[in-house]
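Engineer: The structure is given below, and queries will be raised subsequently.
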Amino acid sequence: MTGFGFTVRSRLAGRQGRTGVITTPHGDIETPAFVVVGTKATVKAVLPQSVAELGAQAVLANAYHLFLQPGPDIVDEAGGLGAFMGWAGPTFTDSGGFQVMSLGVGFKKVLAMDTAGLADDDVIAAGRTRLAKVDDDGVTFRSFLNGDVHRFTPEVSMRIQHQLGADVIFAFDECTTLLNTRRYQEASVERTHAWARRCLAAHRALTRERSHRPYQALFGVVQGAQYEDLRRQAARDLAALDVDGQRFDGYGIGGALEKANLGTIVGWVCEELPDDRPRHLLGISEPEDFFAAVEAGADTFDCVNPSRVARNGALYTRDGRFNVVTAANRRSYEPVEAGCDCYTCARYTRAYLHHLFKAKEMLAATLATIHNERFTVRLVDDIRAAIDQGRFDEFRDSFLGRYARR
RNA sequence: GGCAGGUUGCCCGAGUGGCCAAAGGGAGCGGUCUGUAAAACCGUCGGCAAUGCCUACGUAGGUUCGAACCCUACACCUGCCA
């Protein structure tokens with residue numbers, strides 16, 4: 001009895017999309033679902049109670065960030081991530097694999113969702129301080145907090161994530177970018193696969209060692225950038241991976257995704273992955289991306305975008321995204337989004353949010369984040385309902401038609 | 001009343017003869033953000049018929065080829081002494 005499982009409820013005719021339920025020791029997740037990001041064991045600016053009220057089914061934190069601060073031992077002693085942060089529902093942790101890129105070669109637009117300007121790997125890091133350096137055995141990080149040097153390997157990431165105690169944890173992978181060369185992507189996929197095997201082995205041992213703790217599901221991460229052969233091979237290899245009977249409970253799809261081909265890429269991967277395990281698309285949340293990815297077989301998502309953008313004054317509505325900080329909203333005495341059922345829209349006007357942002361009041365971030373997360377969670381909830389009711393295409397067309405109109 | 005310092009663009013604040021429509025901040029205006037190094041970052045920021053012209057560094061006048069910068073007077077502000 002693992003306490004973790006996944007069952008498919010309904011399917012999208014002729015395609016790989018489906019709805020279902022993920023079962024975890026801390027509750028169920030109806031899929032497709034958007035998992036709200038709380039990197040440092042907090043959804044920035046928002047109370048856990050509000051996160052629950054806006055409909056979030058799960059929260060995702062980050063192993064690297066929590067390793068640096070406050071340290072996994074403290075989270076462990078506190079009873080695990082959920083107990084520590086006051087979140088009763090399911091939790092996820094990312095492995096630190098994204099930081100291999102964001103603290104290494106990463107720079108603005110590195111996830112660039114188009115292939116324009118493919119560069120050489122050496123060019124990518126030019127002019128930027130690298131805080132992470134990859135080799136075949138692991139990654140050497142320099143802390144952005146105090147400069148301390150830390151070493152992450154698949155085994156280290158697994159141990160940290162076990163101490164953090166999230167219900168779903170991810171294999172330590174190397175996140176690459178569209179700017180890496182094909183040759184680099186090939187080597188990286190191989191490396192990520194070798195790490196996946198080590199993660200499974202470490203996870204197996206840790207699961208036994210810590211059998212008194214709730215079961216943690218391990219997801220392997222499929223890389224391969226924009227290349228069909230690499231993505232399919234990576235997915236196939238992870239699906240087949242078995243270390244002494246230990247297999248992945250689910251799969252993550254990560255790394256460089258061309259926006260225009262996002263659905264296609266997710267489709268390649270999902271065709272190769274086992275149908276009976278959940279698939280999590282890492283770091284994606286734009287409306288058009290949800291539709292494309294769900295249709296192609298993705299079950300869960302997480303993304304910093306709704307909250308980050310909210311803190312910077314941009315709000316999502318069915319009619320597109322807009323910046324409340326703009327002068328046009330100064331006297332706009334209407335809700336952020338007419339008809340929205342979130343806490344913010346039920347009580348406040350655009351003019352008030354505009355004022356809070358202009359005055360640099362903390363409440364601005366709180367109210368804006370609540371709205372954007374609600375918008376995002378509800379959109380995926382609506383997609384799920386549409387699939388269950390057999391009207392996915394209709395819903396997609398009407399939603400995107402209106403969203404992109406402005 | 002005496003002595004000293006000060007007055008710069010919406011605000012604060014550099015600049016003490018030409019490279020100054022004037023550093024830097026802030027405000028304003030616009031934009032960006034996809035497994036969070038982000039309550040961050042980028043652009044713009046006197047006017048116009050605009051490879052130039054006009055207006056502008058308290059006010060008025062002067063020196064100079066040339067002044068925000070030097071001189072004179074006046075106005076106001078600040079500190080110290082009476």
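Chain labels A, B, ... are given in the sequence in which chains occur in the structure tokens; within each chain residues are numbered consecutively from 1, and ligands are likewise numbered from 1 in the order shown.
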Provide as a tab-separated table (two decimals) with all heavy atoms, in the first residue's frame the residues of chain B at most 7 Å from chain A, counting only C-alpha atoms (C1' of nucleotides).
Structural biologist:
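Final output, saved to selection_27.tsv:
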chain	number	residue	atom	x	y	z
B	33	C	P	6.36	38.36	-21.55
B	33	C	OP1	6.44	37.41	-22.66
B	33	C	OP2	5.06	38.91	-21.14
B	33	C	O5'	7.03	37.70	-20.25
B	33	C	C5'	8.43	37.30	-20.26
B	33	C	C4'	8.86	37.18	-18.79
B	33	C	O4'	8.56	38.41	-18.13
B	33	C	C3'	8.11	36.07	-18.05
B	33	C	O3'	9.03	35.21	-17.37
B	33	C	C2'	7.21	36.78	-17.07
B	33	C	O2'	7.27	36.17	-15.81
B	33	C	C1'	7.83	38.16	-16.94
B	33	C	N1	6.86	39.22	-16.67
B	33	C	C2	6.93	39.79	-15.41
B	33	C	O2	7.80	39.41	-14.60
B	33	C	N3	6.04	40.77	-15.09
B	33	C	C4	5.13	41.15	-15.98
B	33	C	N4	4.27	42.10	-15.61
B	33	C	C5	5.05	40.57	-17.28
B	33	C	C6	5.93	39.62	-17.59
B	34	U	P	9.59	33.84	-17.85
B	34	U	OP1	10.65	33.51	-16.91
B	34	U	OP2	9.86	33.90	-19.29
B	34	U	O5'	8.36	32.84	-17.63
B	34	U	C5'	7.87	32.57	-16.31
B	34	U	C4'	7.23	31.19	-16.34
B	34	U	O4'	6.14	31.23	-17.27
B	34	U	C3'	8.19	30.09	-16.81
B	34	U	O3'	8.25	28.97	-15.94
B	34	U	C2'	7.67	29.66	-18.17
B	34	U	O2'	7.60	28.25	-18.28
B	34	U	C1'	6.23	30.16	-18.18
B	34	U	N1	5.78	30.58	-19.53
B	34	U	C2	4.79	29.78	-20.09
B	34	U	O2	4.32	28.81	-19.50
B	34	U	N3	4.38	30.16	-21.34
B	34	U	C4	4.84	31.23	-22.06
B	34	U	O4	4.36	31.45	-23.16
B	34	U	C5	5.87	32.01	-21.41
B	34	U	C6	6.30	31.66	-20.19
B	35	G	P	9.16	29.08	-14.53
B	35	G	OP1	8.89	30.27	-13.81
B	35	G	OP2	10.46	28.88	-15.17
B	35	G	O5'	8.90	27.92	-13.46
B	35	G	C5'	8.54	26.69	-13.88
B	35	G	C4'	8.60	25.75	-12.71
B	35	G	O4'	8.62	24.45	-13.28
B	35	G	C3'	9.84	25.86	-11.83
B	35	G	O3'	9.47	26.60	-10.65
B	35	G	C2'	10.17	24.39	-11.54
B	35	G	O2'	9.44	23.92	-10.41
B	35	G	C1'	9.67	23.66	-12.79
B	35	G	N9	10.67	23.45	-13.83
B	35	G	C8	11.00	24.31	-14.85
B	35	G	N7	11.93	23.83	-15.64
B	35	G	C5	12.22	22.58	-15.10
B	35	G	C6	13.15	21.60	-15.54
B	35	G	O6	13.90	21.65	-16.49
B	35	G	N1	13.12	20.47	-14.71
B	35	G	C2	12.31	20.32	-13.61
B	35	G	N2	12.43	19.19	-12.96
B	35	G	N3	11.44	21.23	-13.20
B	35	G	C4	11.44	22.33	-13.98
B	36	U	P	10.74	26.79	-9.38
B	36	U	OP1	11.56	25.63	-9.39
B	36	U	OP2	10.09	27.18	-8.12
B	36	U	O5'	11.66	28.01	-9.88
B	36	U	C5'	11.05	29.18	-10.43
B	36	U	C4'	11.95	30.35	-10.09
B	36	U	O4'	11.13	31.52	-10.02
B	36	U	C3'	12.63	30.14	-8.70
B	36	U	O3'	14.07	30.05	-8.70
B	36	U	C2'	11.88	31.17	-7.78
B	36	U	O2'	12.80	31.99	-7.06
B	36	U	C1'	11.06	32.04	-8.72
B	36	U	N1	9.65	32.15	-8.28
B	36	U	C2	9.13	33.43	-8.24
B	36	U	O2	9.79	34.41	-8.55
B	36	U	N3	7.83	33.52	-7.84
B	36	U	C4	6.99	32.48	-7.48
B	36	U	O4	5.84	32.71	-7.15
B	36	U	C5	7.61	31.20	-7.54
B	36	U	C6	8.89	31.08	-7.93
B	37	A	P	15.13	30.89	-9.31
B	37	A	OP1	14.52	32.20	-9.61
B	37	A	OP2	15.87	30.12	-10.29
B	37	A	O5'	16.04	31.10	-8.04
B	37	A	C5'	17.23	31.80	-7.95
B	37	A	C4'	17.12	33.06	-7.17
B	37	A	O4'	18.45	33.59	-7.11
B	37	A	C3'	16.23	34.09	-7.88
B	37	A	O3'	15.10	34.54	-7.14
B	37	A	C2'	17.21	35.15	-8.46
B	37	A	O2'	16.85	36.49	-8.08
B	37	A	C1'	18.55	34.80	-7.81
B	37	A	N9	19.58	34.69	-8.81
B	37	A	C8	19.54	34.09	-10.04
B	37	A	N7	20.66	34.21	-10.74
B	37	A	C5	21.49	34.94	-9.91
B	37	A	C6	22.81	35.40	-10.06
B	37	A	N6	23.55	35.18	-11.15
B	37	A	N1	23.35	36.09	-9.04
B	37	A	C2	22.61	36.31	-7.95
B	37	A	N3	21.35	35.92	-7.70
B	37	A	C4	20.85	35.24	-8.73
B	39	A	P	10.37	39.61	-5.19
B	39	A	OP1	10.96	39.59	-3.88
B	39	A	OP2	9.24	38.69	-5.51
B	39	A	O5'	9.92	41.10	-5.48
B	39	A	C5'	9.06	41.42	-6.55
B	39	A	C4'	8.27	42.63	-6.12
B	39	A	O4'	7.39	42.22	-5.05
B	39	A	C3'	9.17	43.72	-5.51
B	39	A	O3'	9.52	44.63	-6.52
B	39	A	C2'	8.25	44.36	-4.48
B	39	A	O2'	7.45	45.36	-5.06
B	39	A	C1'	7.37	43.21	-4.05
B	39	A	N9	7.76	42.61	-2.78
B	39	A	C8	8.32	41.38	-2.57
B	39	A	N7	8.56	41.11	-1.30
B	39	A	C5	8.13	42.26	-0.64
B	39	A	C6	8.11	42.62	0.72
B	39	A	N6	8.54	41.83	1.68
B	39	A	N1	7.60	43.83	1.02
B	39	A	C2	7.17	44.63	0.04
B	39	A	N3	7.14	44.40	-1.27
B	39	A	C4	7.63	43.19	-1.54
Engineer: Let's see if you can do this: from backbone DSSP, list all strand (DSSP E) residues in segment 67-272 of chain A, as a list in words.
Structural biologist: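 So, restricting segment 67-272 of chain A to strand (DSSP E), we get Thr91, Phe92, Thr93, Asp94, Ala132, Lys133, Val134, Val139, Thr140, Phe141, Arg142, Val149, His150, Arg151, Phe152, Val168, Ile169, Phe170, Ala217, Leu218, Phe219, Gly220, Val221, Val222, Gly250, Tyr251, Gly252 and Ile253 of chain A.
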Engineer: Which is closer to G46 of chain B than all the others in B:C71, B:A22, B:C11, B:A82, using only C-alpha atoms (C1' of nucleotides)?
Structural biologist: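 Of B:C71, B:A22, B:C11, B:A82, the one nearest G46 of chain B, counting only C-alpha atoms (C1' of nucleotides), is B:A22.
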Engineer: Can you pull out the residues contacting C45 of chain B? Cut-off 12 Å, using only C-alpha atoms (C1' of nucleotides), and skip same-chain residues under 3 positions away; I want them as a list in words.
Structural biologist: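 So the residues in contact are G9, C10, A27, G28, C29 and G30 of chain B.
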Engineer: Take the selection from the previous step and output its residues with N, CA, C and O atoms (P, O5', C5', C4', C3', O3' and C1' of nucleotides), as a compact mmCIF listing (two decimals), in the first residue's frame.
Structural biologist:
# COMPACT_ATOMS: atom_id res chain seq x y z
P G B 9 14.50 73.38 -10.61
O5' G B 9 13.86 72.50 -11.77
C5' G B 9 13.00 73.09 -12.77
C4' G B 9 12.94 72.15 -13.95
C3' G B 9 12.10 70.89 -13.70
O3' G B 9 10.94 70.92 -14.53
C1' G B 9 14.25 70.39 -14.63
P C B 10 9.63 71.60 -14.14
O5' C B 10 8.95 70.64 -13.05
C5' C B 10 7.65 70.96 -12.57
C4' C B 10 7.26 69.97 -11.51
C3' C B 10 8.33 69.70 -10.47
O3' C B 10 8.30 70.67 -9.44
C1' C B 10 7.48 67.64 -11.26
P A B 27 9.54 55.70 -7.64
O5' A B 27 8.65 56.98 -8.05
C5' A B 27 7.84 57.61 -7.06
C4' A B 27 7.20 58.84 -7.65
C3' A B 27 6.40 58.59 -8.93
O3' A B 27 5.10 58.13 -8.64
C1' A B 27 7.82 60.44 -9.25
P G B 28 4.39 57.15 -9.65
O5' G B 28 4.30 58.03 -10.97
C5' G B 28 3.44 59.17 -11.02
C4' G B 28 3.54 59.79 -12.38
C3' G B 28 3.25 58.85 -13.54
O3' G B 28 1.85 58.75 -13.76
C1' G B 28 5.22 60.06 -13.99
P C B 29 1.25 57.35 -14.19
O5' C B 29 1.81 57.18 -15.67
C5' C B 29 1.38 58.05 -16.71
C4' C B 29 2.13 57.75 -17.99
C3' C B 29 2.17 56.28 -18.37
O3' C B 29 0.97 55.85 -18.98
C1' C B 29 4.33 57.19 -18.61
P G B 30 0.49 54.33 -18.65
O5' G B 30 1.46 53.45 -19.56
C5' G B 30 1.33 53.50 -20.97
C4' G B 30 2.49 52.81 -21.62
C3' G B 30 2.70 51.34 -21.28
O3' G B 30 1.80 50.49 -21.95
C1' G B 30 4.79 52.44 -21.26
Engineer: Please compute the atom CA of Gln49 of chain A-atom CA of Ile370 of chain A distance, one decimal, in Å.
Structural biologist: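 If I compute the distance from atom CA of Gln49 of chain A to atom CA of Ile370 of chain A, I get 11.0 Å.
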Engineer: Residues near Phe395 of chain A, anyone? I mean within 10 Å using only C-alpha atoms (C1' of nucleotides), not counting same-chain ones fewer than 2 positions away, as a VMD selection string.
Structural biologist: chain A and resid 291 382 to 383 385 to 387 390 to 393 397 to 401
Engineer: Write the residues you've just listed into a file as an mmCIF file, in the first residue's frame, and include N, CA, C and O atoms for each of them.
Structural biologist:
data_model
loop_
_atom_site.group_PDB
_atom_site.id
_atom_site.type_symbol
_atom_site.label_atom_id
_atom_site.label_comp_id
_atom_site.auth_asym_id
_atom_site.auth_seq_id
_atom_site.Cartn_x
_atom_site.Cartn_y
_atom_site.Cartn_z
ATOM 1 N N PHE A 291 -4.376 24.395 -22.992
ATOM 2 C CA PHE A 291 -5.221 23.676 -23.946
ATOM 3 C C PHE A 291 -4.393 22.718 -24.799
ATOM 4 O O PHE A 291 -4.750 21.547 -24.983
ATOM 5 N N ASP A 382 -11.942 24.177 -15.453
ATOM 6 C CA ASP A 382 -12.952 24.244 -16.515
ATOM 7 C C ASP A 382 -12.592 23.323 -17.679
ATOM 8 O O ASP A 382 -13.470 22.733 -18.312
ATOM 9 N N ILE A 383 -11.315 23.219 -17.960
ATOM 10 C CA ILE A 383 -10.872 22.315 -19.033
ATOM 11 C C ILE A 383 -11.216 20.874 -18.637
ATOM 12 O O ILE A 383 -11.725 20.090 -19.441
ATOM 13 N N ALA A 385 -13.594 19.889 -16.604
ATOM 14 C CA ALA A 385 -15.049 19.702 -16.696
ATOM 15 C C ALA A 385 -15.475 19.551 -18.147
ATOM 16 O O ALA A 385 -16.343 18.731 -18.474
ATOM 17 N N ALA A 386 -14.838 20.322 -19.016
ATOM 18 C CA ALA A 386 -15.202 20.263 -20.436
ATOM 19 C C ALA A 386 -14.897 18.885 -21.012
ATOM 20 O O ALA A 386 -15.679 18.351 -21.808
ATOM 21 N N ILE A 387 -13.771 18.316 -20.620
ATOM 22 C CA ILE A 387 -13.437 16.971 -21.110
ATOM 23 C C ILE A 387 -14.455 15.970 -20.588
ATOM 24 O O ILE A 387 -14.980 15.140 -21.336
ATOM 25 N N GLY A 390 -17.476 16.120 -22.477
ATOM 26 C CA GLY A 390 -17.377 15.919 -23.917
ATOM 27 C C GLY A 390 -17.480 17.173 -24.758
ATOM 28 O O GLY A 390 -17.932 17.144 -25.904
ATOM 29 N N ARG A 391 -17.041 18.314 -24.208
ATOM 30 C CA ARG A 391 -17.119 19.550 -25.012
ATOM 31 C C ARG A 391 -15.800 20.340 -24.919
ATOM 32 O O ARG A 391 -15.796 21.564 -24.861
ATOM 33 N N PHE A 392 -14.723 19.584 -24.948
ATOM 34 C CA PHE A 392 -13.402 20.220 -24.854
ATOM 35 C C PHE A 392 -13.138 21.176 -26.013
ATOM 36 O O PHE A 392 -12.742 22.325 -25.811
ATOM 37 N N ASP A 393 -13.354 20.712 -27.239
ATOM 38 C CA ASP A 393 -13.052 21.549 -28.408
ATOM 39 C C ASP A 393 -13.866 22.838 -28.404
ATOM 40 O O ASP A 393 -13.347 23.919 -28.673
ATOM 41 N N ASP A 397 -12.188 26.537 -28.119
ATOM 42 C CA ASP A 397 -12.394 27.542 -29.161
ATOM 43 C C ASP A 397 -13.033 28.811 -28.619
ATOM 44 O O ASP A 397 -12.625 29.923 -28.965
ATOM 45 N N SER A 398 -14.010 28.649 -27.745
ATOM 46 C CA SER A 398 -14.679 29.854 -27.243
ATOM 47 C C SER A 398 -13.762 30.604 -26.279
ATOM 48 O O SER A 398 -13.680 31.830 -26.318
ATOM 49 N N PHE A 399 -13.042 29.852 -25.444
ATOM 50 C CA PHE A 399 -12.168 30.537 -24.486
ATOM 51 C C PHE A 399 -11.041 31.280 -25.195
ATOM 52 O O PHE A 399 -10.819 32.467 -24.968
ATOM 53 N N LEU A 400 -10.344 30.571 -26.052
ATOM 54 C CA LEU A 400 -9.197 31.197 -26.724
ATOM 55 C C LEU A 400 -9.638 32.289 -27.696
ATOM 56 O O LEU A 400 -8.953 33.290 -27.863
ATOM 57 N N GLY A 401 -10.817 32.080 -28.286
ATOM 58 C CA GLY A 401 -11.318 33.104 -29.195
ATOM 59 C C GLY A 401 -11.511 34.421 -28.465
ATOM 60 O O GLY A 401 -11.120 35.482 -28.940
#
Engineer: Quick one: residues within 12 Å of Arg9 of chain A, only C-alpha atoms (C1' of nucleotides) counted, chain neighbours fewer than 5 positions away excluded, as a list in words?
Structural biologist: Gly17, Arg18, Thr19, Gly20, Val21, Ile22, Glu30, Thr31, Pro32, Asp276, Asp299, Arg384, Ala385, Ile387, Asp388 and Gln389 of chain A
